[in-house]
Structure formats: C-alpha cells, structure tokens
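With CSV, C-alpha atoms inside, this is coords30.csv:
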chain,number,residue,atom,x,y,z
A,1,MET,CA,-28.8,103.6,35.3
A,2,ALA,CA,-25.4,102.2,36.4
A,3,LYS,CA,-23.8,104.0,39.3
A,4,LYS,CA,-20.5,103.9,41.1
A,5,LEU,CA,-20.4,102.5,44.6
A,6,LEU,CA,-17.2,103.0,46.5
A,7,LEU,CA,-16.5,101.3,49.8
A,8,ALA,CA,-13.9,102.9,52.0
A,9,GLY,CA,-12.7,99.9,54.0
A,10,GLY,CA,-13.9,96.3,54.0
A,11,GLY,CA,-14.4,95.9,57.8
A,12,HIS,CA,-17.1,94.4,60.0
A,13,ALA,CA,-19.9,96.8,59.0
A,14,HIS,CA,-19.3,96.1,55.2
A,15,MET,CA,-19.3,92.3,55.4
A,16,THR,CA,-22.9,91.9,54.3
A,17,ILE,CA,-22.4,94.3,51.4
A,18,LEU,CA,-19.3,92.3,50.3
A,19,ALA,CA,-21.3,89.1,50.6
A,20,HIS,CA,-24.0,90.5,48.2
A,21,MET,CA,-21.6,92.3,45.9
A,22,ARG,CA,-22.3,90.0,43.0
A,23,ASP,CA,-26.0,91.1,43.1
A,24,LEU,CA,-25.0,94.7,43.0
A,25,VAL,CA,-22.8,94.1,40.0
A,26,ARG,CA,-25.6,92.2,38.3
A,27,GLU,CA,-27.8,95.2,38.8
A,28,GLY,CA,-25.3,97.1,36.6
A,29,HIS,CA,-23.4,99.0,39.3
A,30,GLU,CA,-19.7,99.5,39.5
A,31,VAL,CA,-18.4,98.5,42.9
A,32,THR,CA,-14.9,99.4,44.2
A,33,VAL,CA,-13.4,98.6,47.6
A,34,VAL,CA,-10.4,100.7,48.8
A,35,GLN,CA,-8.5,99.1,51.7
A,36,PRO,CA,-4.8,99.3,52.8
A,37,SER,CA,-4.4,95.6,53.0
A,38,ASP,CA,-5.6,92.6,50.9
A,39,TYR,CA,-7.0,91.2,54.1
A,40,HIS,CA,-9.3,92.4,56.9
A,41,TYR,CA,-8.4,91.2,60.4
A,42,TYR,CA,-11.1,90.7,63.0
A,43,SER,CA,-10.1,92.7,66.0
A,44,GLY,CA,-12.1,90.6,68.4
A,45,MET,CA,-9.7,87.7,67.9
A,46,GLY,CA,-6.5,89.8,67.7
A,47,PRO,CA,-5.5,89.2,71.4
A,48,GLY,CA,-6.2,85.5,70.9
A,49,MET,CA,-3.9,85.5,67.9
A,50,LEU,CA,-1.2,87.1,70.0
A,51,GLY,CA,-1.6,84.4,72.6
A,52,THR,CA,-1.5,81.7,69.9
A,53,THR,CA,-5.1,80.5,70.3
A,54,TYR,CA,-5.6,81.5,66.7
A,55,THR,CA,-3.4,81.6,63.6
A,56,PRO,CA,-3.4,84.8,61.5
A,57,ALA,CA,-5.3,82.9,58.7
A,58,GLU,CA,-8.1,82.1,61.2
A,59,ILE,CA,-8.8,85.7,62.0
A,60,ARG,CA,-8.6,87.3,58.6
A,61,PHE,CA,-11.0,87.7,55.6
A,62,ALA,CA,-9.5,87.7,52.1
A,63,THR,CA,-11.1,91.0,51.0
A,64,ARG,CA,-9.3,91.4,47.7
A,65,TYR,CA,-9.9,87.8,46.6
A,66,VAL,CA,-13.6,88.0,47.4
A,67,VAL,CA,-14.2,91.4,45.8
A,68,GLU,CA,-12.5,90.5,42.5
A,69,GLY,CA,-14.2,87.1,42.4
A,70,MET,CA,-17.6,88.8,42.7
A,71,GLY,CA,-16.9,91.2,39.8
A,72,GLY,CA,-15.9,94.2,41.9
A,73,SER,CA,-12.7,96.2,41.8
A,74,PHE,CA,-10.1,96.3,44.7
A,75,VAL,CA,-7.7,99.1,45.2
A,76,ARG,CA,-4.9,98.6,47.8
A,77,ASP,CA,-4.7,102.1,49.1
A,78,LYS,CA,-6.3,104.3,51.8
A,79,VAL,CA,-8.9,107.0,51.5
A,80,VAL,CA,-7.4,110.1,53.2
A,81,ARG,CA,-9.9,112.8,52.1
A,82,ILE,CA,-13.5,113.1,50.9
A,83,ASN,CA,-14.6,115.9,48.6
A,84,ALA,CA,-18.3,115.5,49.2
A,85,ASP,CA,-19.4,118.4,46.9
A,86,GLN,CA,-17.5,116.9,43.9
A,87,ARG,CA,-18.3,113.3,45.0
A,88,GLN,CA,-14.7,112.3,44.9
A,89,VAL,CA,-12.2,110.8,47.3
A,90,THR,CA,-8.4,111.2,47.4
A,91,LEU,CA,-6.3,108.2,48.2
A,92,ALA,CA,-2.9,108.2,50.1
A,93,SER,CA,-1.2,107.6,46.7
A,94,GLY,CA,-2.7,110.8,45.3
A,95,GLN,CA,-5.2,109.0,43.1
A,96,VAL,CA,-8.6,110.6,42.9
A,97,MET,CA,-11.7,108.4,42.5
A,98,ASP,CA,-15.3,109.4,41.7
A,99,TYR,CA,-18.4,107.9,43.3
A,100,ASP,CA,-22.2,108.2,43.2
A,101,VAL,CA,-22.6,106.5,46.6
A,102,LEU,CA,-19.9,106.2,49.2
A,103,SER,CA,-20.0,103.9,52.3
A,104,CYS,CA,-17.3,104.3,55.0
A,105,ASN,CA,-16.1,101.6,57.3
A,106,ALA,CA,-12.7,103.3,57.9
A,107,GLY,CA,-12.2,101.9,61.3
A,108,SER,CA,-10.4,103.6,64.2
A,109,PHE,CA,-6.9,104.2,65.7
A,110,ILE,CA,-5.2,104.4,69.1
A,111,PRO,CA,-5.2,108.1,70.0
A,112,PHE,CA,-2.1,108.1,72.1
A,113,ASP,CA,-0.1,111.1,70.7
A,114,ASN,CA,2.6,111.3,73.3
A,115,ILE,CA,4.9,108.7,71.9
A,116,HIS,CA,8.2,110.2,70.9
A,117,GLY,CA,11.7,109.2,69.9
A,118,ASP,CA,12.7,105.6,69.4
A,119,ILE,CA,9.6,103.4,69.1
A,120,SER,CA,11.2,100.1,68.2
A,121,ASN,CA,9.9,98.5,71.4
A,122,VAL,CA,6.4,100.1,71.2
A,123,PHE,CA,3.4,98.3,69.7
A,124,THR,CA,-0.1,99.8,69.3
A,125,VAL,CA,-2.9,97.2,69.2
A,126,LYS,CA,-4.2,98.6,66.0
A,127,PRO,CA,-3.7,97.8,63.2
A,128,ILE,CA,-4.2,94.1,64.2
A,129,GLU,CA,-1.6,93.0,61.7
A,130,ARG,CA,1.1,94.5,64.0
A,131,LEU,CA,0.3,91.9,66.7
A,132,GLN,CA,2.0,89.3,64.5
A,133,GLU,CA,5.2,91.4,64.8
A,134,ALA,CA,4.6,91.9,68.5
A,135,GLN,CA,4.2,88.2,69.0
A,136,ARG,CA,7.7,87.6,67.5
A,137,ALA,CA,9.1,90.3,69.7
A,138,VAL,CA,7.7,88.8,72.9
A,139,ILE,CA,9.1,85.3,72.0
A,140,SER,CA,12.5,86.8,71.2
A,141,LEU,CA,12.6,88.8,74.4
A,142,CYS,CA,11.6,85.9,76.6
A,143,ALA,CA,14.3,83.8,75.0
A,144,THR,CA,17.2,86.3,75.5
A,145,ARG,CA,16.4,88.0,78.8
A,146,THR,CA,16.1,86.2,82.2
A,147,ARG,CA,13.4,88.5,83.6
A,148,PRO,CA,12.1,90.8,80.8
A,149,HIS,CA,9.5,93.4,81.6
A,150,VAL,CA,6.5,93.9,79.3
A,151,ALA,CA,4.2,96.9,79.9
A,152,VAL,CA,0.6,97.3,78.7
A,153,VAL,CA,-0.7,100.8,78.7
A,154,GLY,CA,-4.5,101.1,79.0
A,155,GLY,CA,-7.3,100.4,81.5
A,156,GLY,CA,-10.0,99.0,79.2
A,157,PRO,CA,-10.9,95.6,77.7
A,158,ALA,CA,-8.3,95.7,74.9
A,159,ALA,CA,-5.5,96.3,77.4
A,160,LEU,CA,-6.9,93.6,79.7
A,161,GLU,CA,-6.9,91.0,76.8
A,162,ILE,CA,-3.5,91.9,75.6
A,163,ALA,CA,-1.9,91.6,79.1
A,164,GLY,CA,-3.5,88.2,79.6
A,165,ASN,CA,-2.5,86.9,76.2
A,166,VAL,CA,1.1,88.1,76.6
A,167,ARG,CA,1.2,85.9,79.7
A,168,LYS,CA,-0.2,83.0,77.8
A,169,LEU,CA,2.3,83.5,74.9
A,170,ALA,CA,5.2,83.6,77.3
A,171,LYS,CA,4.1,80.4,79.0
A,172,LEU,CA,3.8,78.6,75.7
A,173,LYS,CA,6.7,79.9,73.7
A,174,GLY,CA,9.0,81.7,76.1
A,175,ARG,CA,12.2,80.4,77.8
A,176,HIS,CA,12.0,82.9,80.6
A,177,GLU,CA,8.9,84.2,82.5
A,178,PRO,CA,8.4,87.9,82.0
A,179,ARG,CA,7.2,90.5,84.4
A,180,ILE,CA,4.0,92.0,83.1
A,181,THR,CA,2.6,95.3,84.2
A,182,LEU,CA,-0.8,96.7,83.2
A,183,PHE,CA,-0.7,100.6,83.5
A,184,ALA,CA,-4.5,101.0,84.0
A,185,GLY,CA,-4.7,104.7,84.8
A,186,ARG,CA,-6.7,105.5,87.9
A,187,GLU,CA,-8.9,102.4,87.8
A,188,LEU,CA,-8.9,99.1,85.8
A,189,LEU,CA,-12.2,98.8,83.8
A,190,GLY,CA,-13.5,101.9,85.6
A,191,ARG,CA,-16.5,102.4,83.3
A,192,PHE,CA,-17.7,98.8,83.8
A,193,PRO,CA,-19.7,97.3,86.7
A,194,GLU,CA,-17.5,96.7,89.8
A,195,LYS,CA,-17.9,92.9,89.6
A,196,ILE,CA,-16.2,92.8,86.2
A,197,GLY,CA,-13.2,94.6,87.5
A,198,LYS,CA,-13.1,92.3,90.6
A,199,LEU,CA,-13.1,89.2,88.4
A,200,ALA,CA,-10.3,90.6,86.2
A,201,ARG,CA,-8.2,91.3,89.3
A,202,GLU,CA,-8.7,87.8,90.6
A,203,SER,CA,-7.5,86.3,87.3
A,204,PHE,CA,-4.5,88.6,87.0
A,205,ALA,CA,-3.5,87.9,90.7
A,206,ARG,CA,-3.3,84.2,89.8
A,207,GLN,CA,-1.4,84.9,86.6
A,208,LYS,CA,1.0,87.3,88.4
A,209,VAL,CA,0.1,90.2,86.2
A,210,GLU,CA,0.8,93.5,88.0
A,211,ILE,CA,-1.9,96.2,87.9
A,212,ASN,CA,-0.6,99.8,88.2
A,213,GLU,CA,-3.3,102.3,89.1
A,214,ASP,CA,-1.0,105.2,90.2
A,215,GLY,CA,-2.2,107.5,87.5
A,216,TYR,CA,-2.3,107.9,83.7
A,217,VAL,CA,0.8,107.5,81.6
A,218,ASP,CA,1.8,111.0,80.4
A,219,GLU,CA,4.3,110.1,77.8
A,220,ILE,CA,6.4,107.3,76.2
A,221,ARG,CA,9.8,108.6,75.2
A,222,ASN,CA,12.5,106.4,73.7
A,223,GLY,CA,10.8,103.4,75.2
A,224,VAL,CA,10.5,104.9,78.7
A,225,ILE,CA,7.1,105.3,80.4
A,226,LEU,CA,6.7,108.7,82.1
A,227,GLN,CA,4.0,108.6,84.8
A,228,GLY,CA,3.9,111.8,86.8
A,229,GLU,CA,7.2,112.0,88.5
A,230,ARG,CA,8.0,108.3,88.0
A,231,GLN,CA,9.8,106.6,85.2
A,232,HIS,CA,9.5,103.0,84.1
A,233,HIS,CA,11.9,101.2,81.8
A,234,PRO,CA,10.1,98.1,80.3
A,235,ASP,CA,11.7,96.1,77.5
A,236,LEU,CA,8.5,96.0,75.5
A,237,ILE,CA,5.4,98.3,75.5
A,238,PHE,CA,1.9,97.6,74.2
A,239,VAL,CA,-0.4,100.7,73.9
A,240,ALA,CA,-4.1,99.9,74.1
A,241,THR,CA,-5.6,103.1,75.4
A,242,GLY,CA,-9.0,103.0,73.6
A,243,VAL,CA,-9.9,104.0,70.0
A,244,LYS,CA,-11.1,107.0,68.1
A,245,PRO,CA,-12.6,107.2,64.6
A,246,SER,CA,-10.5,107.7,61.6
A,247,ARG,CA,-9.5,111.4,61.0
A,248,ILE,CA,-10.8,111.3,57.4
A,249,PHE,CA,-14.0,113.1,58.3
A,250,THR,CA,-12.6,116.0,60.3
A,251,ASP,CA,-9.9,116.4,57.7
A,252,SER,CA,-12.5,116.6,55.0
A,253,GLY,CA,-14.7,119.1,56.7
A,254,LEU,CA,-17.7,116.7,57.0
A,255,PRO,CA,-20.1,117.0,60.0
A,256,THR,CA,-18.8,114.9,62.8
A,257,GLY,CA,-20.0,113.9,66.3
A,258,ILE,CA,-18.6,114.0,69.8
A,259,THR,CA,-15.9,111.4,69.1
A,260,GLY,CA,-14.9,112.9,65.7
A,261,GLY,CA,-16.7,110.2,63.7
A,262,LEU,CA,-18.9,110.8,60.6
A,263,LEU,CA,-22.2,112.1,62.0
A,264,VAL,CA,-24.9,109.9,60.6
A,265,ASN,CA,-28.7,109.8,61.0
A,266,GLN,CA,-31.1,107.0,61.6
A,267,TRP,CA,-30.5,105.6,58.1
A,268,LEU,CA,-26.7,105.6,58.7
A,269,GLN,CA,-26.3,108.5,56.2
A,270,SER,CA,-24.2,111.6,56.6
A,271,VAL,CA,-26.5,114.3,58.1
A,272,LYS,CA,-25.4,116.7,55.3
A,273,HIS,CA,-24.6,114.4,52.4
A,274,PRO,CA,-27.2,111.7,51.9
A,275,GLU,CA,-25.1,109.8,49.3
A,276,ILE,CA,-22.5,109.1,52.1
A,277,PHE,CA,-23.1,106.2,54.5
A,278,GLY,CA,-21.0,104.8,57.4
A,279,GLY,CA,-20.8,102.1,60.0
A,280,GLY,CA,-18.6,100.6,62.7
A,281,ASP,CA,-16.1,102.6,64.9
A,282,CYS,CA,-15.8,105.5,62.3
A,283,ILE,CA,-19.3,106.9,62.9
A,284,ASP,CA,-21.2,108.9,65.5
A,285,PHE,CA,-24.9,108.0,65.5
A,286,GLU,CA,-26.9,111.3,65.8
A,287,PRO,CA,-30.0,109.7,67.5
A,288,GLY,CA,-27.9,108.4,70.4
A,289,ALA,CA,-24.3,107.7,71.2
A,290,LEU,CA,-23.1,104.1,70.6
A,291,ASP,CA,-20.2,102.4,72.4
A,292,LYS,CA,-17.2,101.6,70.2
A,293,VAL,CA,-17.9,97.8,70.3
A,294,GLY,CA,-18.1,95.3,67.4
A,295,VAL,CA,-21.7,94.3,68.1
A,296,TYR,CA,-22.9,97.6,66.5
A,297,ALA,CA,-21.0,97.0,63.3
A,298,VAL,CA,-22.5,93.6,63.1
A,299,ARG,CA,-26.0,95.0,63.7
A,300,GLU,CA,-25.4,97.7,61.1
A,301,ASN,CA,-24.5,95.2,58.4
A,302,PRO,CA,-27.9,94.4,56.9
A,303,VAL,CA,-29.1,98.1,57.2
A,304,LEU,CA,-26.1,99.4,55.3
A,305,LEU,CA,-26.7,96.8,52.6
A,306,ARG,CA,-30.3,97.8,52.3
A,307,ASN,CA,-29.7,101.5,52.4
A,308,VAL,CA,-26.7,101.6,50.1
A,309,ARG,CA,-28.7,99.5,47.6
A,310,ALA,CA,-31.7,101.9,48.0
A,311,ALA,CA,-29.4,104.9,47.3
A,312,LEU,CA,-28.2,103.2,44.1
A,313,ASN,CA,-31.6,102.0,42.9
A,314,GLY,CA,-34.0,104.7,44.2
A,315,THR,CA,-35.8,102.3,46.6
A,316,ARG,CA,-37.0,102.7,50.2
A,317,MET,CA,-34.5,102.8,53.1
A,318,GLN,CA,-34.6,101.1,56.5
A,319,ARG,CA,-34.0,102.8,59.8
A,320,PHE,CA,-31.2,101.4,62.0
A,321,ASP,CA,-32.3,100.2,65.4
A,322,PRO,CA,-29.2,99.8,67.7
A,323,GLY,CA,-31.0,97.1,69.7
A,324,GLY,CA,-30.9,96.5,73.5
A,325,LYS,CA,-28.2,95.4,75.8
A,326,TYR,CA,-25.3,93.5,74.3
A,327,LEU,CA,-23.1,90.7,75.5
A,328,LEU,CA,-19.5,91.4,76.6
A,329,LEU,CA,-16.9,88.6,76.6
A,330,PHE,CA,-13.3,89.3,77.6
A,331,ASN,CA,-10.6,86.8,76.9
A,332,LEU,CA,-8.2,86.8,79.9
A,333,GLY,CA,-5.5,84.6,78.3
A,334,ASP,CA,-5.9,81.8,81.0
A,335,ASP,CA,-8.6,79.9,79.0
A,336,THR,CA,-11.3,81.8,80.9
A,337,ALA,CA,-13.4,84.8,79.8
A,338,ILE,CA,-15.5,87.3,81.7
A,339,PHE,CA,-19.2,87.1,80.6
A,340,SER,CA,-21.4,90.1,81.1
A,341,LYS,CA,-24.9,90.9,79.9
A,342,GLY,CA,-27.2,93.1,81.9
A,343,GLY,CA,-26.6,92.3,85.6
A,344,PHE,CA,-25.4,88.8,84.9
A,345,VAL,CA,-21.6,88.5,85.3
A,346,PHE,CA,-19.3,85.5,85.7
A,347,ARG,CA,-15.8,84.3,84.8
A,348,ASN,CA,-14.9,80.7,83.9
A,349,TRP,CA,-13.9,78.4,81.1
A,350,MET,CA,-17.5,78.3,79.7
A,351,GLY,CA,-17.2,82.0,79.0
A,352,PHE,CA,-14.1,81.4,77.0
A,353,LEU,CA,-15.7,78.6,75.0
A,354,LEU,CA,-18.7,80.8,74.3
A,355,LYS,CA,-16.5,83.6,73.0
A,356,ASP,CA,-14.4,81.2,71.0
A,357,TYR,CA,-17.6,79.7,69.4
A,358,ILE,CA,-19.1,83.1,68.6
A,359,ASP,CA,-15.9,84.4,67.0
A,360,ARG,CA,-15.2,81.3,65.0
A,361,ARG,CA,-18.8,81.2,63.7
A,362,PHE,CA,-18.6,84.8,62.6
A,363,MET,CA,-15.4,84.2,60.7
A,364,ARG,CA,-16.5,80.9,59.2
A,365,HIS,CA,-19.7,82.6,57.9
A,366,PHE,CA,-17.8,85.2,55.9
A,367,GLN,CA,-14.7,83.2,55.1
A,368,ALA,CA,-17.1,80.8,53.3
A,369,LEU,CA,-17.3,83.5,50.6
A,370,GLU,CA,-13.6,82.8,49.8
A,371,ARG,CA,-14.6,79.3,48.6
What does the file become when written as structure tokens?
Amino acid sequence: MAKKLLLAGGGHAHMTILAHMRDLVREGHEVTVVQPSDYHYYSGMGPGMLGTTYTPAEIRFATRYVVEGMGGSFVRDKVVRINADQRQVTLASGQVMDYDVLSCNAGSFIPFDNIHGDISNVFTVKPIERLQEAQRAVISLCATRTRPHVAVVGGGPAALEIAGNVRKLAKLKGRHEPRITLFAGRELLGRFPEKIGKLARESFARQKVEINEDGYVDEIRNGVILQGERQHHPDLIFVATGVKPSRIFTDSGLPTGITGGLLVNQWLQSVKHPEIFGGGDCIDFEPGALDKVGVYAVRENPVLLRNVRAALNGTRMQRFDPGGKYLLLFNLGDDTAIFSKGGFVFRNWMGFLLKDYIDRRFMRHFQALER
C-alpha cells in the first residue's frame, strides 16, 4: 500500500535517502521534502567558503532540483511543530501536512540568546548561507577602515575555523589588515587534547590572531561585547558558540534527550513514536551520547535509508552502530589543518589537503545526482 514519507530537512543524514528517492517512488510511496532553502549547504566547508577556498556552488547540494527530478515533491518551508498523535506536521507558513513515516534532519542552531538591540554587525555561523553576506561585510570593512576590528565569539572548532578564514579573506581581498580577536571563554578548545590547543595557538600567533581567555562573553548589545566588567567595541562580530538541536521536538512535546534533540533508539526511531526517525545534530541517541559532529550524520545515512524503507514496506530494520574513534580536521585558514585521530595529532599542509580531498569527494558524490 502506498504511504506518505515526509523528510523534514535535506541535510547530511538524509543524503542517501535522497539518492534513492526514485526507488521509493517506484515502490509506490509519496515522498515530500520540506526545507527552508532550495539548497543544502555543507557546514564542514562553510569557513572555507568564507575564506574563498570554495565558491558557494561548490559547497551546496541542489535539493529541490534533485527531489523533483526523482519524482518527489519539494516544499520550500520549515517544519515548526509535529503532532505525532495525528501524524501531521505544521509548517512556518501555517500549512499542515500528513505523513505515515517522518524522518527529521532538522539541523541545529547557535544557542546564544544574549544578543540584543542593533545586530547589523553580528553574524552567527549558522545558517551557512549567512557566511556569504558576512564575507561581503568583511571585504567592505577592510576596504573602508584602516584598522578594523573583527571579533569571533566561541572557543570551539567552528570559532577557530572562522577566525583563521577571516584572516585569509582579509589577506586576499582586503585593502587594510584587520585586528582579529577570538573570544574563547576560559580556554580555547578546552574539551580537546592539550596538543590540539597548542597547535592552534602556534598557528594563530603566526597569523596575528589574538586569543582572549579572560572569561565568557555575557552579552552582545548593539554590537558591543560585554565580558564581565569589560566592554569591547569591534566593527564586526561572528558568533560561533556551539550548536544545539532544533527546538521542534521540545515545542512539540516529543521525548528529548540531554541536549534537547529528538530522543531516538538504536534504530534511530523516536522512543515513543516508531514512525518518526531522525539523524544528524537534531537527535539525542539513547544508547549513548554522540558528539555534534558531521561524521555521525554520514554514518547514519545508510541506516536511515534502510529503516525508513522498512517502516514503509514492513521489512526488517537495522541497528545503528556509531563506530569507533573518528577523524578531526580543522581548517586554520593558513593552508594548514590540524589532524587528530586517537592520540595522533599534527598540523601541516598535508592535513589541509586531506580535509580538502575528503570534503570535495563528499560533495562530488552527491552533487553527481544533479546531473
């Protein structure tokens, strides 16, 4: 019997489902993708786009074009609420859609709530599309101010990559060299091995990127950074303070985990509603917490396809195995990257070439669907 499959978001964890959408349609199912943009941007290459290593076209996937070409339906909108008992979702436009099976790859957001007043000089690193606007702002600033000040708020990998790539962008496109300050809280990369932080500091010392570890930023008000008793007045601010899952699930009263993501079992199903699946940053994995890194979305891809298909067709599901240690690669903006896996850590140009190769291969694989 034909069933309705609804995909909330077309991100990393849904790529394999999108690649096999034609098969699902041939099996008689109605497949609909709801996404706020016609494109999905790969966040792992976002800082590189900011620094001009990549063009916007190189880091995005034409979701709408592929979905419609494979016989599915695309709705440019956003799921804001799930009524699991009625098997319906409500979109931002107010439209209500039915489903038999729902899979969520709703992504994450920057949870910095203390931004108030005029935000014209403030850019959050998500959604990735905003980095195009931020790039233009940096170029304009470095053309009109003799010593502009760019601040990056955050002490994790995203903030690290943004700061390095702002430096690269300014060198390539700017008339004047900016002062760049990374407001890293109490410790840059504090949750990572000490050697990773040391290598990042060495790179930033050479690039003349300041690292502020005097405490966390309390508030950004009218473009002014408030840090304890101190005030900082940068010309441009990037906020990269880490991510949290979409609020859809808490707003909908669904069971959620420690980070507020959809709580899923070993089959990537909602622990309460077996017809709802999820992957990527928007879930909390009940068997064990997973870091908010893209590698898990990639590993979830084939399992989500298998289990969504099983829910549609009444076949057997597959357990998700998160796998072992994963590779970390941080693009520092100076044509080097930090490589870390297990206890093996280094920083050089080979790390950057490896990251570039992995990212480009990932995008080529799925962009091939557009042809």
Check your understanding: Which residue, A:His14, A:Arg81, A:His20, A:His116, has the smallest gap to A:Ser252 when you use all atoms listed in the file?
Key -> A:Arg81
Practice item. Quick one: everything within 8 Å of A:Gly156, counting all atoms listed in the file, minus sequence neighbours fewer than 3 positions away in the same chain. Send it as a PyMOL selection string. Key: chain A and resi 159-160+184+188-190+240-242
Exercise for review: Extract, using all atoms listed in the file, all DNA, RNA and protein residues at most 6 Å from stretch 270-279 of chain A, discarding same-chain residues fewer than 3 positions from it, and format them as a VMD selection string.
Suggested key: chain A and resid 13 101 to 105 263 to 265 283
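From atom CA of A:Ser108 back to atom CA of A:Lys244, the distance works out to 5.2 Å.
Nearest-residue note for A:His176: choosing from A:Lys198, A:Arg206, A:Arg145, A:Arg230, the minimum distance belongs to A:Arg145, counting all atoms listed in the file.
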Review point. So which residues touch stretch 337-351 of chain A within 6 Å, counting all atoms listed in the file, skipping near sequence neighbours fewer than 4 positions away, as a ChimeraX atom specification?
Key: /A:327-332
Review point. Residues at most 8 Å from stretch 37-53 of chain A, counting all atoms listed in the file, excluding those fewer than 6 positions away in the same chain, as a ChimeraX atom specification?
Key: /A:10-12,59-65,76-77,128-129,131-132,134-135,158,161-162,165-169,294,331,333,359
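In this comparison, which uses all atoms listed in the file, the residue of A:Pro245, A:Gly69, A:Gly185, A:Gly324 approaching A:Gly155 most closely is A:Gly185.
Those DNA, RNA and protein residues that approach the point (-19.4, 105.2, 41.3) to within 7 Å, considering only C-alpha atoms, are Lys3, Lys4, Leu5, Leu6, Glu30, Val31, Asp98, Tyr99, Asp100 and Val101 of chain A.
Nearest to A:Gly215 of all the residues A:Leu268, A:Val153, A:Met70, A:Leu141 is A:Val153, based on only C-alpha atoms.
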Practice item. Counting only C-alpha atoms, figure out which residue out of A:Asn222, A:Asn212, A:Gln35, A:Thr250 gets nearest to A:Ala106. Key: A:Gln35
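Here atom CA of A:Thr336 stands at a distance of 4.8 Å from atom CA of A:Phe352.
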Point to revise | Point (-5.5, 86.9, 83.6), cut-off 6 Å, counting only C-alpha atoms, residues as a PyMOL selection string | key: chain A and resi 164+203-204+207+332-334
Given the selection you just returned, output its residues as a file containing C-alpha atoms, formatted as a short mmCIF file (atom, residue, chain, number, x, y, z; two decimals), in the coordinates of the input.
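Below you can see part-v9.cif, which holds the result:
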data_model
loop_
_atom_site.label_atom_id
_atom_site.label_comp_id
_atom_site.auth_asym_id
_atom_site.auth_seq_id
_atom_site.Cartn_x
_atom_site.Cartn_y
_atom_site.Cartn_z
CA GLY A 164 -3.50 88.20 79.60
CA SER A 203 -7.50 86.30 87.30
CA PHE A 204 -4.50 88.60 87.00
CA GLN A 207 -1.40 84.90 86.60
CA LEU A 332 -8.20 86.80 79.90
CA GLY A 333 -5.50 84.60 78.30
CA ASP A 334 -5.90 81.80 81.00
#
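Proximity to A:Ile211 was assessed for A:Val152, A:Ile248, A:Ala311, A:Val224 counting only C-alpha atoms; the smallest distance is recorded for A:Val152.
Separating atom CA of A:Asp335 from atom CA of A:Ile139 is a distance of 19.8 Å.
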Check your understanding: Which residues, written as a ChimeraX atom specification, have at least one atom at most 8 Å from A:Tyr296, with all atoms listed in the file counted and residues fewer than 6 positions away on the same chain left out?
Key -> /A:280,290,322
What does stretch 14-26 of chain A look like written to a file with N, CA, C and O atoms, as a short mmCIF file (atom, residue, chain, number, x, y, z; two decimals), in the first residue's frame?
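Dumped everything to result_1.cif:
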data_model
loop_
_atom_site.label_atom_id
_atom_site.label_comp_id
_atom_site.auth_asym_id
_atom_site.auth_seq_id
_atom_site.Cartn_x
_atom_site.Cartn_y
_atom_site.Cartn_z
N HIS A 14 20.26 12.79 5.51
CA HIS A 14 19.23 12.38 4.54
C HIS A 14 19.78 12.20 3.13
O HIS A 14 19.02 11.88 2.22
N MET A 15 21.08 12.40 2.93
CA MET A 15 21.63 12.37 1.58
C MET A 15 21.40 11.03 0.88
O MET A 15 21.07 10.98 -0.30
N THR A 16 21.56 9.94 1.60
CA THR A 16 21.40 8.62 0.97
C THR A 16 19.93 8.35 0.66
O THR A 16 19.61 7.71 -0.35
N ILE A 17 19.03 8.81 1.50
CA ILE A 17 17.60 8.69 1.18
C ILE A 17 17.30 9.46 -0.09
O ILE A 17 16.60 8.97 -0.99
N LEU A 18 17.83 10.68 -0.21
CA LEU A 18 17.61 11.48 -1.41
C LEU A 18 18.18 10.78 -2.64
O LEU A 18 17.58 10.80 -3.71
N ALA A 19 19.34 10.15 -2.47
CA ALA A 19 19.97 9.46 -3.60
C ALA A 19 19.14 8.28 -4.08
O ALA A 19 19.23 7.87 -5.25
N HIS A 20 18.32 7.69 -3.19
CA HIS A 20 17.50 6.52 -3.54
C HIS A 20 16.01 6.86 -3.60
O HIS A 20 15.16 5.97 -3.56
N MET A 21 15.70 8.14 -3.72
CA MET A 21 14.30 8.56 -3.72
C MET A 21 13.53 7.95 -4.89
O MET A 21 12.36 7.58 -4.74
N ARG A 22 14.17 7.85 -6.04
CA ARG A 22 13.48 7.28 -7.21
C ARG A 22 13.00 5.86 -6.92
O ARG A 22 11.90 5.46 -7.35
N ASP A 23 13.79 5.09 -6.16
CA ASP A 23 13.39 3.73 -5.81
C ASP A 23 12.16 3.74 -4.90
O ASP A 23 11.24 2.91 -5.06
N LEU A 24 12.13 4.67 -3.96
CA LEU A 24 10.98 4.77 -3.06
C LEU A 24 9.72 5.15 -3.82
O LEU A 24 8.63 4.62 -3.55
N VAL A 25 9.86 6.05 -4.78
CA VAL A 25 8.72 6.46 -5.60
C VAL A 25 8.24 5.29 -6.46
O VAL A 25 7.03 5.05 -6.61
N ARG A 26 9.17 4.52 -7.01
CA ARG A 26 8.80 3.36 -7.83
C ARG A 26 8.07 2.29 -7.01
O ARG A 26 7.27 1.52 -7.55
#
